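Trainee: Sharing a structure here in structure tokens format.
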Amino acid sequence: MAHASIPEDLRIYVIGDIHGRFDLLARLQAKIEVDANTAGHLKIKQIFLGDYVDRGPDTKAVVDFMLSRPPWGWDRICLKGNHETMLLKFLEDESFLKNWGRSGGLQTLQSYDVGLIEKMREGDAKKIQKKFRKNLTKAHRRFCTHLKHSVAYGDYFFAHAGVRPGVKLDAQTEDDLLWIRKEFISSNKDFGKIIIHGHTPVKQPEILPNRINIDTGAWSSGQLTCLVLEGETRRFL
């Protein structure tokens with residue numbers, strides 16, 4: 001889509017997968033707030049692409065930020081990632097602990113002061129689940145539960161993982177929006193809008209005719225990416 005654009009009264013800041021790196025989020029947010037001083041009369045939207053939790057050390061601080069009041073007049077849209085789904089699954093099924101732990105869940109448990117992680121070796125997942133349920137506030141659980149799966153503005157469609165080729169955007173399943181990878185990443189089809197996504201880490205943002213990937217692996221690379229959309233322009237912070 002050669003001249004993709006968003007509505008002329010908007011500036012959108014899109015932030016990739018944070019994965020518990022509150023240090024990077026805080027620095028990036030400061031840059032965004034300075035950059036937004038040039039927006040003039042434009043409305044400001046921030047879209048976060050999900051995966052706030054796991055892998056990095058400060059999941060709790062990241063979720064606290066998401067629940068905080070955005071700068072005056074800004075609209076903050078938080079999408080759901082597959083890691084929020086895994087967190088919620090462990091709250092209901094203690095047997096999921098090993099799978100979640102291998103995907104970064106141990107760092108989330110540490111962030112919420114669950115001091116029984118060594119018990120994993122003893123198979124004592126129920127105690128860990130009980131402590132996590134106690135330490136995870138109702139507000140944090142509601143946040144993970146009620147996140148949007150996708151949103152669209154102008155010629156762009158935003159989702160955590162991507163979309164299934166051949167399926168209309170308004171008919172995509174939650175499972176695909178949060179988990180799809182190979183079928184989406186390898187597709188050169190026109191999806192109807194340009195898909196802006198994360199989920200699949202890359203060394204630098206990928207800009208392709210049908211999609212833009214801004215997951216730059218913040219938890220390990222130290223690089224959290226923000227895409228700025230305004231009219232037909234794109235730039236990165």
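Going by the structure tokens order, chains are called A, B, ..., each with residues numbered from 1, while ligands are numbered from 1 in the order shown.
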Neighbours of Ala36 (chain A) within 12 Å (only C-alpha atoms; same-chain residues fewer than 3 positions away dropped), as a ChimeraX atom specification?

Mentor: /A:10-13,29-33,39-46,71-74,228-230,237

Trainee: For C-alpha atoms, I'd like the residues from the last selection saved as a compact mmCIF listing (two decimals), in the first residue's frame.

Mentor:
```
# COMPACT_ATOMS: atom_id res chain seq x y z
CA LEU A 10 -4.11 11.96 14.64
CA ARG A 11 -0.57 11.15 15.61
CA ILE A 12 -0.12 7.54 16.74
CA TYR A 13 2.80 6.20 18.77
CA GLN A 29 7.94 7.29 27.25
CA ALA A 30 10.02 10.34 28.16
CA LYS A 31 11.15 10.62 24.52
CA ILE A 32 7.58 10.26 23.30
CA GLU A 33 6.34 13.02 25.58
CA ALA A 39 2.00 17.60 17.57
CA GLY A 40 0.16 20.92 17.72
CA HIS A 41 -3.60 20.37 17.35
CA LEU A 42 -3.27 16.64 16.61
CA LYS A 43 -4.86 14.06 18.88
CA ILE A 44 -2.34 11.70 20.45
CA LYS A 45 -2.90 7.95 20.62
CA GLN A 46 -0.51 5.40 22.06
CA PRO A 71 -0.74 12.43 29.75
CA TRP A 72 -3.65 14.84 29.55
CA GLY A 73 -5.77 14.35 26.47
CA TRP A 74 -3.92 11.24 25.28
CA VAL A 228 5.26 7.10 14.91
CA LEU A 229 2.45 7.46 12.36
CA GLU A 230 1.14 10.80 11.13
CA LEU A 237 11.84 6.59 18.11
```

Trainee: So that I can check the secondary structure, give me every residue of region 29-231 of chain A assigned strand (DSSP E) by backbone DSSP, as number ranges by chain.

Mentor: A: 43-48, 75-78, 150-153, 156-159, 194-197, 206-207, 211-213, 226-230

Trainee: What would the file look like if the residues just selected were written as a short mmCIF file (atom, residue, chain, number, x, y, z; two decimals), in the first residue's frame with N, CA and C atoms?

Mentor:
```
data_model
loop_
_atom_site.label_atom_id
_atom_site.label_comp_id
_atom_site.auth_asym_id
_atom_site.auth_seq_id
_atom_site.Cartn_x
_atom_site.Cartn_y
_atom_site.Cartn_z
N LYS A 43 -4.55 14.95 17.77
CA LYS A 43 -4.86 14.06 18.88
C LYS A 43 -3.76 13.01 18.99
N ILE A 44 -3.40 12.66 20.22
CA ILE A 44 -2.34 11.70 20.45
C ILE A 44 -2.94 10.37 20.90
N LYS A 45 -2.55 9.30 20.19
CA LYS A 45 -2.90 7.95 20.62
C LYS A 45 -1.62 7.16 20.81
N GLN A 46 -1.58 6.38 21.87
CA GLN A 46 -0.51 5.40 22.06
C GLN A 46 -1.13 4.02 21.95
N ILE A 47 -0.53 3.17 21.12
CA ILE A 47 -0.98 1.79 20.98
C ILE A 47 0.16 0.88 21.40
N PHE A 48 -0.10 0.06 22.42
CA PHE A 48 0.88 -0.91 22.89
C PHE A 48 0.47 -2.28 22.35
N ASP A 75 -4.90 9.21 24.39
CA ASP A 75 -5.66 7.97 24.42
C ASP A 75 -4.66 6.82 24.41
N ARG A 76 -4.72 5.97 25.42
CA ARG A 76 -3.80 4.82 25.53
C ARG A 76 -4.59 3.55 25.23
N ILE A 77 -4.15 2.80 24.21
CA ILE A 77 -4.81 1.56 23.81
C ILE A 77 -3.82 0.42 24.04
N CYS A 78 -4.22 -0.52 24.87
CA CYS A 78 -3.36 -1.65 25.20
C CYS A 78 -3.93 -2.93 24.59
N SER A 150 -7.30 -6.34 18.93
CA SER A 150 -6.84 -5.62 17.74
C SER A 150 -7.54 -4.27 17.68
N VAL A 151 -7.01 -3.41 16.83
CA VAL A 151 -7.61 -2.10 16.58
C VAL A 151 -7.15 -1.65 15.20
N ALA A 152 -7.91 -0.78 14.56
CA ALA A 152 -7.55 -0.29 13.22
C ALA A 152 -7.77 1.21 13.14
N TYR A 153 -6.85 1.89 12.44
CA TYR A 153 -6.99 3.31 12.15
C TYR A 153 -6.50 3.53 10.72
N TYR A 156 -4.19 1.10 8.54
CA TYR A 156 -3.38 0.24 9.40
C TYR A 156 -4.26 -0.58 10.33
N PHE A 157 -3.81 -1.82 10.58
CA PHE A 157 -4.47 -2.74 11.50
C PHE A 157 -3.42 -3.19 12.50
N PHE A 158 -3.72 -3.09 13.78
CA PHE A 158 -2.75 -3.34 14.83
C PHE A 158 -3.14 -4.60 15.59
N ALA A 159 -2.20 -5.53 15.73
CA ALA A 159 -2.43 -6.76 16.49
C ALA A 159 -1.08 -7.26 17.01
N ILE A 194 -2.28 -2.47 6.17
CA ILE A 194 -0.94 -2.84 6.61
C ILE A 194 -1.02 -3.27 8.07
N ILE A 195 -0.49 -4.44 8.37
CA ILE A 195 -0.55 -4.98 9.72
C ILE A 195 0.68 -4.52 10.50
N ILE A 196 0.45 -3.87 11.62
CA ILE A 196 1.54 -3.49 12.52
C ILE A 196 1.50 -4.44 13.71
N HIS A 197 2.63 -5.11 13.96
CA HIS A 197 2.63 -6.21 14.92
C HIS A 197 3.97 -6.32 15.63
N GLU A 206 11.06 -4.28 10.77
CA GLU A 206 10.84 -4.75 9.41
C GLU A 206 9.71 -3.95 8.78
N ILE A 207 9.99 -3.35 7.64
CA ILE A 207 8.96 -2.61 6.91
C ILE A 207 8.76 -3.28 5.57
N ARG A 211 3.12 -5.48 5.95
CA ARG A 211 3.21 -5.52 7.40
C ARG A 211 4.44 -4.77 7.89
N ILE A 212 4.38 -4.35 9.17
CA ILE A 212 5.52 -3.72 9.84
C ILE A 212 5.69 -4.39 11.19
N ASN A 213 6.87 -4.94 11.44
CA ASN A 213 7.17 -5.62 12.70
C ASN A 213 8.05 -4.73 13.56
N CYS A 226 9.49 2.28 19.05
CA CYS A 226 8.24 3.01 18.88
C CYS A 226 8.14 3.48 17.43
N LEU A 227 7.03 3.15 16.79
CA LEU A 227 6.72 3.63 15.44
C LEU A 227 5.77 4.81 15.56
N VAL A 228 6.10 5.90 14.88
CA VAL A 228 5.26 7.10 14.91
C VAL A 228 4.57 7.24 13.55
N LEU A 229 3.24 7.29 13.57
CA LEU A 229 2.45 7.46 12.36
C LEU A 229 1.75 8.81 12.39
N GLU A 230 1.83 9.51 11.26
CA GLU A 230 1.14 10.80 11.13
C GLU A 230 0.88 11.03 9.64
#
```

Trainee: For Lys134 (chain A), which of A:Glu232, A:Asn37, A:Leu109, A:Val202 is the closest residue, counting only C-alpha atoms?

Mentor: A:Leu109

Trainee: Hey, can you check how far CA of Glu94 (chain A) sits from CA of Lys131 (chain A)?

Mentor: 11.5 Å

Trainee: If we count only C-alpha atoms and set the cut-off at 8 Å, which residues sit around Thr200 (chain A), ignoring sequence neighbours fewer than 3 positions away in its own chain? Please answer as a list of chain:residue names.

Mentor: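 Residues near the query, excluding close chain neighbours: A:Ala161, A:Arg181, A:Asn213, A:Asp215.
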
Trainee: My list of candidates is A:Val167, A:Ile128, A:Leu49, A:Leu91. Which is closest to Gly115 (chain A) when distances are computed with only C-alpha atoms?

Mentor: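 Counting only C-alpha atoms, the residue closest to Gly115 (chain A) is A:Ile128.
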
Trainee: Between A:Ile15, A:Leu208, A:Cys144, A:Leu67, which is the closest to Lys189 (chain A) once you count only C-alpha atoms?

Mentor: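 Residue with the minimum atom-to-atom distance to Lys189 (chain A): A:Leu208.
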
Trainee: I need the alpha helix (DSSP H) residues of region 80-125 of chain A per DSSP on the backbone, written as a ChimeraX atom specification.

Mentor: /A:82-92,97-100,106-111,125

Trainee: Can I get the selected residues back with C-alpha atoms, as a CSV table (one decimal), in the first residue's frame?

Mentor:
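Saved to selection_15.csv:
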```csv
chain,number,residue,atom,x,y,z
A,82,ASN,CA,0.2,-14.3,24.1
A,83,HIS,CA,2.2,-13.8,27.3
A,84,GLU,CA,-0.8,-12.2,29.0
A,85,THR,CA,-2.8,-15.3,28.0
A,86,MET,CA,-0.1,-17.6,29.5
A,87,LEU,CA,-0.2,-15.7,32.8
A,88,LEU,CA,-4.0,-16.0,33.0
A,89,LYS,CA,-3.8,-19.7,32.1
A,90,PHE,CA,-1.4,-20.4,35.0
A,91,LEU,CA,-3.9,-18.6,37.4
A,92,GLU,CA,-6.4,-21.3,36.4
A,97,LEU,CA,3.8,-23.6,35.4
A,98,LYS,CA,6.6,-25.4,33.6
A,99,ASN,CA,5.5,-24.3,30.2
A,100,TRP,CA,5.0,-20.7,31.4
A,106,LEU,CA,9.6,-17.1,36.4
A,107,GLN,CA,10.7,-13.5,36.0
A,108,THR,CA,7.1,-12.4,36.3
A,109,LEU,CA,6.7,-14.5,39.5
A,110,GLN,CA,9.8,-12.8,40.9
A,111,SER,CA,8.4,-9.4,40.0
A,125,ALA,CA,3.2,-25.6,41.5
```

Trainee: A:Gly105, A:Pro70, A:Gly222, A:Gly81: which is nearest Lys148 (chain A), counting only C-alpha atoms?

Mentor: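 Closest to Lys148 (chain A), using only C-alpha atoms: A:Gly81.
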
Trainee: State, in Å with one decimal place, the distance from CA of Gln172 (chain A) to CA of Asn188 (chain A).

Mentor: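 For CA of Gln172 (chain A) relative to CA of Asn188 (chain A), the distance reads 17.6 Å.
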
Trainee: Would you kindly return, as a list of chain:residue names, each protein, DNA or RNA residue with an atom no farther than 12 Å from any atom of Ala61 (chain A), considering only C-alpha atoms and excluding same-chain residues fewer than 2 positions away?

Mentor: A:Ile18, A:His19, A:Gly20, A:Arg21, A:Phe22, A:Asp23, A:Leu24, A:Leu25, A:Ala26, A:Tyr52, A:Val53, A:Asp54, A:Gly56, A:Pro57, A:Asp58, A:Thr59, A:Val63, A:Asp64, A:Phe65, A:Met66, A:Leu67, A:Ser68, A:Thr108, A:Ser111, A:Tyr112, A:His140

Trainee: What lies within 9 Å of Glu174 (chain A) using only C-alpha atoms, ignoring chain neighbours under 3 positions off, as number ranges by chain?

Mentor: A: 149-150, 177-179

Trainee: What does the distance between CA of Phe143 (chain A) and CA of Val62 (chain A) come to in Å, to one decimal place?

Mentor: 11.5 Å
